[in-house]
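Taking it in order: structure first as structure tokens, then the write-up.
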Amino acid sequence: MTERSLLVGPFNRVEGDLEIRLEIKDGRVAQAYANSPMFRGFEIMMLGKSPMDALTITPRICGICSISQSSAASAALGSMAGLPPAPQGALAAAIMHGVENLCDHLTHFNLFFCADFARAAYAGRPWHDRAVTRFTAMEGSAVRACVEARAQILHIVGLLGGKWPHTLAIQPGGVTRAPTPRDRIRMTSTLAAFRRYLEGTLFGAPIEDFAGLTRAADLTGWTLGDAGLFMEIAEDLGLADMGHGSGRFLSFGAYPQPEGRAFAAGTWDNGTLGTVDTAEIREDLSHAWMLGEARHPTEGRTDPDEDMQAPAYSWCKAPRLAGRTVETGALARQVIDGHPAARDLAAGGANVRARVAGRLLEIARTQILLEGWVSALQTDAPFITDVALPDAGSGEGLVEAARGALGHWIKVEKGRIAGYQIVAPTTWNFSPRDAAGTPGPVEAALEGAPVGPGEETPLSVQHIVRSFDPCMVCTVH
Amino acid sequence: MNILWLQSAGCGGCTMSLLCAESPGVLDLLRDAGLSFLWHPALSEQTGAEVRALLAGIEDGSQTLDILCVEGSILTGPKGTGRFQMLSGTGRSMLDWVRSLAPLAEQVVAVGTCATYGGMTSAGGNPAGAVGLQYDGSYPGGALPADFRARSGMPVINVAGCPTHPDWVTETLLLIAGGEMSHDALDALGRPLFYAEHLVHHACPKNEFYEYKASAEKPGQLGCMMEHMGCVGTQAVGDCNIRGWNGGSCCTRAGYACINCTAPEFEEPHHPFTETPKFAGIPVGLPSDMPKAWFMALASLSKAATPKRLAENAVADRIEVPPTLRTGRK
């Protein structure tokens, strides 16, 4: 029996700072410890401020999920006021949010995840030359096409929200700019160009063909475009046998509209659909450098342990739903929303291939949603209503970021913020162990990953970690 | 020239914004100017041990470093240790790394208001002890001393903005690559003048409302946002309305206030961001270089002269009254 420890970092092509410690036995990961090594303290900064300042401050938690943070803050304020936004304002906000999530998925696939397949370590594989051509970091043709297409579709956020990231356009009552008919046709044209990009490069076929797949085998057997190249690589490298998840998923439901959420909210436990009860959330602090007890976010505190005492090993708190870990993200969303191919794919729990495939499915479905939303814009309707905030109260804002379930919990006393807690998607996925010693989702997924004798930064570990598309700046905030 | 890009304590949004550069995109822009990344945390292939070897090479002198870009503030807490941000895999704080690497670089560029002055990461009592590279808020001296100079003899170049406009970053790097970045190219806070010699107010489409003090009273209304909505575009440096963001827009064009995100201490305006502080009903804070008495006199005169068209449009969410057409010639 051989044993060794590895410290993997700086771990790049994830958003923010991540360090993974591995205990390796007999060529496999026996235990993994995910450390979020950066603490800024946004929840502390918010205390004493005007509640509306959350709209300016919280987007700046994260430059890749900025609109998600903005939407969650706005939803928390709106829930405190007890008023919904103007329906057309909610639609405009959904368009901006959908564009951000779409861009995040594309950035992940082309820039963060697939770059590893171009590594010299894979030379000689039947697909390697094509992976080098398409996915080489900063040089690959798919990488460059993605960067160009992404900049173009973000014009939609420019039109509606002024800039990306860090717009202040999304408010509890709606959005600050009413689009004109001219704006609508520009957005329609931008989306048409983006469809051309997706069909020409990523899917190699009409988007509806990919979104309409019903069986896992159809998805994993897809041969066209970069999606097809990924499926071929995934099959050859056995990515479906890496990074197994618990089979428990969480989604708060994406894109709230007057008629409901475009992707449904819910929980999933190995084939059983359930409803989300946020009262069952607790943030465990036993292995976080945080002082205090496990609490629900409405009662939560953020009190960093400046001495960074063991057994804690991360600034990340450990959220649990009814005492258990859950995985969140695009695959979770698609499974819970009932997409047949996603459910089929996740039948045995998540894995590296299924997480990436879930994201690809969602790219196709989001493009279709966006086209429908833009055509539904009524350019003579109000896009914002008056929302007066009470001097005291509390609110909960639940949205879906690209990476999964994001919640903001606000408490206001005498017109000032008295409590603000955030649980981000990667807080769920990259949480440290809890008081029972149960590892967080990525820590559990890493157990059993193969590690070659000379490997200092194991490729399997990189694939597994990146398959979650972690956003570490959101995680600790 | 080569670039080492480090992400310290920020949101990563300046890199995300950088990827929005267009005509051509950022990868072509930099390549065409002879710029390449030694390593970038979001873009490069190398991870873990490969990166540690690269950093060790810079420290031992076997790898030259031309441009060090730092995105995000530098955390000094807890208790001055910098351990609120450890560069993962290295056992050393980002504070320690930046102090070690900056003197080895030909030029040091702080990307974004966190890296320049501390920025949003230093808001609300600054729980993590965030500072900028060479400034702590508006005070010289941050993670690096006030008299720090890179190998070129230049102080830290402060590309402030939250986030930075992609062109502010690429054009700064291109000016460096072209040998055209000098002390004279920077303002008194170290910001490149090519964007810092403008005000956000310049080319703002609400300027006619501003001229007549025809003001928006609520979010979503078209009028000038200076009087009630917290807008400080008349004081904030930046060519946002000239250059345009993400296809040509910007904050004021989307109907919300400029919050002066290119300035030190913008994160603590001492009033809610989207409300204008007032004294005896009169907004506090004057447009840049405007004598107070003249501003008051002109404002009351222009307010009295506000055309009906502007008065009505200012509180509407769309143009209700178009400009009157001149008909015929006499």
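To be explicit about the labels: the chains of the structure tokens are called A, B, and onward in the order shown, and within each one the residues are counted from 1, while ligands get numbers from 1 in the order they are shown.
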TODO: Might you pull out every residue within 10 Å of Ala34 of chain A, with only C-alpha atoms counted and same-chain residues fewer than 4 positions away left off, and present them as an MDAnalysis selection string?
DONE: chainID A and resid 8 18:22 313:314 316 429:433 439:443 446 465
Please produce an output containing C-alpha atoms for each residue in the selection, written as a tab-separated table (two decimals), in the first residue's frame.
```
chain	number	residue	atom	x	y	z
A	8	VAL	CA	-3.41	21.10	-5.52
A	18	LEU	CA	-9.53	27.02	-4.63
A	19	GLU	CA	-7.12	24.65	-2.94
A	20	ILE	CA	-7.70	20.89	-2.83
A	21	ARG	CA	-5.86	18.63	-0.40
A	22	LEU	CA	-5.79	14.97	-1.33
A	313	TYR	CA	-9.89	24.06	6.90
A	314	SER	CA	-11.94	26.47	4.77
A	316	CYS	CA	-16.72	28.12	3.34
A	429	ASN	CA	-21.19	22.04	-3.85
A	430	PHE	CA	-17.80	22.87	-2.30
A	431	SER	CA	-18.77	22.88	1.35
A	432	PRO	CA	-16.32	21.36	3.82
A	433	ARG	CA	-17.24	18.52	6.13
A	439	PRO	CA	-17.79	15.48	3.21
A	440	GLY	CA	-19.26	18.12	0.91
A	441	PRO	CA	-20.39	17.13	-2.60
A	442	VAL	CA	-17.10	17.76	-4.43
A	443	GLU	CA	-15.10	16.16	-1.63
A	446	LEU	CA	-13.29	13.11	-5.60
A	465	VAL	CA	-13.53	19.65	-9.82
```
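Summary of the local environment: counting only C-alpha atoms, residues at most 12 Å from Gly200 of chain A, other than itself and those fewer than 2 positions away along its chain, are Ala142, Ala145, Cys146, Ala149, Ala193, Phe194, Arg195, Arg196, Tyr197, Leu198, Leu202, Phe203, Gly204, Ala205, Pro206, Ile207, Leu224, Gly225, Asp226 and Ala227 of chain A.
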Open item on the list: At a cut-off of 7 Å, which residues of chain B touch chain A? Count only C-alpha atoms and give the answer as a count of residues only.
Closed with: 49
Open item on the list: I need the residues of segment 54-148 of chain A that end up classed as helix (DSSP H, G or I) by DSSP on the backbone, written out as a PyMOL selection string.
Closed with: chain A and resi 54-61+66-81+87-118+120-122+128-135+141-148
Open item on the list: Taking 5 positions as the minimum chain separation for residues in the same chain, which residues sit within 12 Å of Ile336 of chain A when counting only C-alpha atoms? Answer as an MDAnalysis selection string.
Closed with: chainID A and resid 247:254 262:276 327:331 341:344 346 358 404
Please provide the set of residues having any atom within 10 Å of Gly61 of chain B, restricted to only C-alpha atoms, with same-chain residues fewer than 5 positions apart removed, written as a PDB file with N, CA and C atoms, in the first residue's frame.
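See selection-v1.pdb below for the written result:
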```pdb
ATOM      1  N   LEU B  55       6.083  30.594 -10.878  1.00  0.00           N
ATOM      2  CA  LEU B  55       6.273  31.671  -9.893  1.00  0.00           C
ATOM      3  C   LEU B  55       7.662  31.596  -9.264  1.00  0.00           C
ATOM      4  N   ALA B  56       8.117  30.375  -9.017  1.00  0.00           N
ATOM      5  CA  ALA B  56       9.458  30.204  -8.444  1.00  0.00           C
ATOM      6  C   ALA B  56      10.512  30.725  -9.417  1.00  0.00           C
ATOM      7  N   LEU B 104       9.877  42.924  -9.200  1.00  0.00           N
ATOM      8  CA  LEU B 104      10.547  42.193 -10.279  1.00  0.00           C
ATOM      9  C   LEU B 104       9.943  42.515 -11.647  1.00  0.00           C
TER      10      LEU B 104
END
```
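Contact shell of Lys308 of chain B at 12 Å (only C-alpha atoms; same-chain neighbours under 2 positions omitted): B:Phe209, B:Tyr212, B:Ala214, B:Lys303, B:Ala304, B:Ala305, B:Thr306, B:Leu310, B:Ala311, B:Glu312, B:Asn313, B:Ala314, B:Val315, B:Glu320, B:Val321, B:Pro322, B:Pro323, B:Thr324.
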Would you mind exporting N, CA and C atoms of the selected residues as a PDB file, in the first residue's frame?
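Wrote out_16.pdb, looks like this:
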```
ATOM      1  N   PHE B 209     -31.684  67.247 -20.047  1.00  0.00           N
ATOM      2  CA  PHE B 209     -32.423  67.313 -18.769  1.00  0.00           C
ATOM      3  C   PHE B 209     -31.566  68.009 -17.708  1.00  0.00           C
ATOM      4  N   TYR B 212     -31.515  71.824 -17.796  1.00  0.00           N
ATOM      5  CA  TYR B 212     -32.693  72.511 -17.271  1.00  0.00           C
ATOM      6  C   TYR B 212     -33.103  71.986 -15.895  1.00  0.00           C
ATOM      7  N   ALA B 214     -34.210  69.231 -15.119  1.00  0.00           N
ATOM      8  CA  ALA B 214     -35.443  68.456 -15.235  1.00  0.00           C
ATOM      9  C   ALA B 214     -35.115  67.046 -14.743  1.00  0.00           C
ATOM     10  N   LYS B 303     -33.973  76.015 -14.178  1.00  0.00           N
ATOM     11  CA  LYS B 303     -35.156  75.278 -13.723  1.00  0.00           C
ATOM     12  C   LYS B 303     -36.419  76.081 -14.072  1.00  0.00           C
ATOM     13  N   ALA B 304     -36.324  77.380 -13.904  1.00  0.00           N
ATOM     14  CA  ALA B 304     -37.471  78.236 -14.226  1.00  0.00           C
ATOM     15  C   ALA B 304     -37.747  78.242 -15.725  1.00  0.00           C
ATOM     16  N   ALA B 305     -36.709  77.970 -16.508  1.00  0.00           N
ATOM     17  CA  ALA B 305     -36.853  78.040 -17.970  1.00  0.00           C
ATOM     18  C   ALA B 305     -37.114  76.676 -18.601  1.00  0.00           C
ATOM     19  N   THR B 306     -37.339  75.651 -17.788  1.00  0.00           N
ATOM     20  CA  THR B 306     -37.479  74.295 -18.332  1.00  0.00           C
ATOM     21  C   THR B 306     -38.615  74.208 -19.343  1.00  0.00           C
ATOM     22  N   LEU B 310     -39.313  68.884 -21.736  1.00  0.00           N
ATOM     23  CA  LEU B 310     -38.356  68.251 -20.823  1.00  0.00           C
ATOM     24  C   LEU B 310     -38.982  67.970 -19.470  1.00  0.00           C
ATOM     25  N   ALA B 311     -39.843  68.898 -19.021  1.00  0.00           N
ATOM     26  CA  ALA B 311     -40.486  68.689 -17.720  1.00  0.00           C
ATOM     27  C   ALA B 311     -41.332  67.418 -17.753  1.00  0.00           C
ATOM     28  N   GLU B 312     -42.019  67.186 -18.845  1.00  0.00           N
ATOM     29  CA  GLU B 312     -42.889  66.002 -18.926  1.00  0.00           C
ATOM     30  C   GLU B 312     -42.075  64.729 -19.152  1.00  0.00           C
ATOM     31  N   ASN B 313     -41.111  64.803 -20.050  1.00  0.00           N
ATOM     32  CA  ASN B 313     -40.314  63.608 -20.323  1.00  0.00           C
ATOM     33  C   ASN B 313     -39.468  63.176 -19.113  1.00  0.00           C
ATOM     34  N   ALA B 314     -39.066  64.153 -18.300  1.00  0.00           N
ATOM     35  CA  ALA B 314     -38.179  63.842 -17.174  1.00  0.00           C
ATOM     36  C   ALA B 314     -38.807  62.840 -16.213  1.00  0.00           C
ATOM     37  N   VAL B 315     -40.130  62.897 -16.074  1.00  0.00           N
ATOM     38  CA  VAL B 315     -40.783  62.007 -15.112  1.00  0.00           C
ATOM     39  C   VAL B 315     -41.564  60.891 -15.821  1.00  0.00           C
ATOM     40  N   GLU B 320     -42.439  61.129 -24.035  1.00  0.00           N
ATOM     41  CA  GLU B 320     -43.874  61.428 -24.216  1.00  0.00           C
ATOM     42  C   GLU B 320     -44.050  62.577 -25.199  1.00  0.00           C
ATOM     43  N   VAL B 321     -43.121  63.526 -25.142  1.00  0.00           N
ATOM     44  CA  VAL B 321     -43.242  64.713 -25.979  1.00  0.00           C
ATOM     45  C   VAL B 321     -41.994  64.813 -26.856  1.00  0.00           C
ATOM     46  N   PRO B 322     -42.139  64.607 -28.161  1.00  0.00           N
ATOM     47  CA  PRO B 322     -40.951  64.716 -29.023  1.00  0.00           C
ATOM     48  C   PRO B 322     -40.593  66.182 -29.270  1.00  0.00           C
ATOM     49  N   PRO B 323     -39.374  66.440 -29.768  1.00  0.00           N
ATOM     50  CA  PRO B 323     -38.996  67.828 -30.051  1.00  0.00           C
ATOM     51  C   PRO B 323     -39.934  68.442 -31.083  1.00  0.00           C
ATOM     52  N   THR B 324     -40.236  69.718 -30.896  1.00  0.00           N
ATOM     53  CA  THR B 324     -41.089  70.434 -31.857  1.00  0.00           C
ATOM     54  C   THR B 324     -40.352  70.579 -33.178  1.00  0.00           C
TER      55      THR B 324
END
```
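When only C-alpha atoms are used to measure the gap to Gly285 of chain B, the shortest distance among B:Ile242, B:His228, B:Leu4, B:Ala316 belongs to B:His228.
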With only C-alpha atoms as the counted atoms, please give the residues lying no more than 9 Å from Leu6 of chain B, apart from itself and same-chain residues fewer than 5 positions off, as a short mmCIF file (atom, residue, chain, number, x, y, z; two decimals) with N, CA and C atoms, in the first residue's frame.
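So selection-v1.cif came out as:
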```cif
data_model
loop_
_atom_site.label_atom_id
_atom_site.label_comp_id
_atom_site.auth_asym_id
_atom_site.auth_seq_id
_atom_site.Cartn_x
_atom_site.Cartn_y
_atom_site.Cartn_z
N TRP B 39 0.83 33.60 -17.44
CA TRP B 39 -0.23 32.85 -16.79
C TRP B 39 -1.38 33.78 -16.48
N HIS B 40 -2.57 33.27 -16.70
CA HIS B 40 -3.78 33.99 -16.28
C HIS B 40 -4.69 32.97 -15.61
N PRO B 41 -5.20 33.29 -14.42
CA PRO B 41 -5.95 32.27 -13.66
C PRO B 41 -7.23 31.78 -14.33
N LEU B 68 3.13 42.89 -14.56
CA LEU B 68 2.34 42.21 -13.53
C LEU B 68 0.99 42.92 -13.44
N CYS B 69 -0.07 42.18 -13.76
CA CYS B 69 -1.43 42.71 -13.58
C CYS B 69 -2.03 42.09 -12.33
N VAL B 70 -2.57 42.91 -11.47
CA VAL B 70 -3.23 42.40 -10.27
C VAL B 70 -4.67 42.88 -10.30
N GLU B 71 -5.59 41.93 -10.17
CA GLU B 71 -7.03 42.21 -10.18
C GLU B 71 -7.58 41.84 -8.81
N GLY B 72 -8.17 42.79 -8.10
CA GLY B 72 -8.67 42.50 -6.76
C GLY B 72 -7.82 43.22 -5.73
N MET B 94 -1.41 36.16 -0.46
CA MET B 94 -1.32 36.97 -1.68
C MET B 94 -0.56 38.25 -1.39
N VAL B 98 2.50 39.41 -3.73
CA VAL B 98 2.49 40.67 -4.47
C VAL B 98 3.70 41.51 -4.09
#
```
TODO: Give me the residues within 7 Å of Glu211 of chain B as an MDAnalysis selection string, counting only C-alpha atoms and dropping any in the same chain fewer than 3 places off.
DONE: chainID B and resid 207:208 302
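Across the structure, atom CA of Ser79 of chain A and atom CA of Ala405 of chain A are spaced 17.2 Å apart.
Here the residues within segment 124-294 of chain B that DSSP labels strand (DSSP E) on the basis of the backbone are Ala130, Val131, Tyr135, Asp136, Tyr139, Pro140, Ile157, Asn158, Val159, Lys278, Phe279, Ile282 and Pro283 of chain B.
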Open item on the list: Using Å and a single decimal, report how far atom CA of Ser189 of chain A sits from atom CA of Leu106 of chain A.
Closed with: 19.6 Å
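Here atom CA of Cys14 of chain B and atom CA of Thr113 of chain B stand 9.5 Å from one another.
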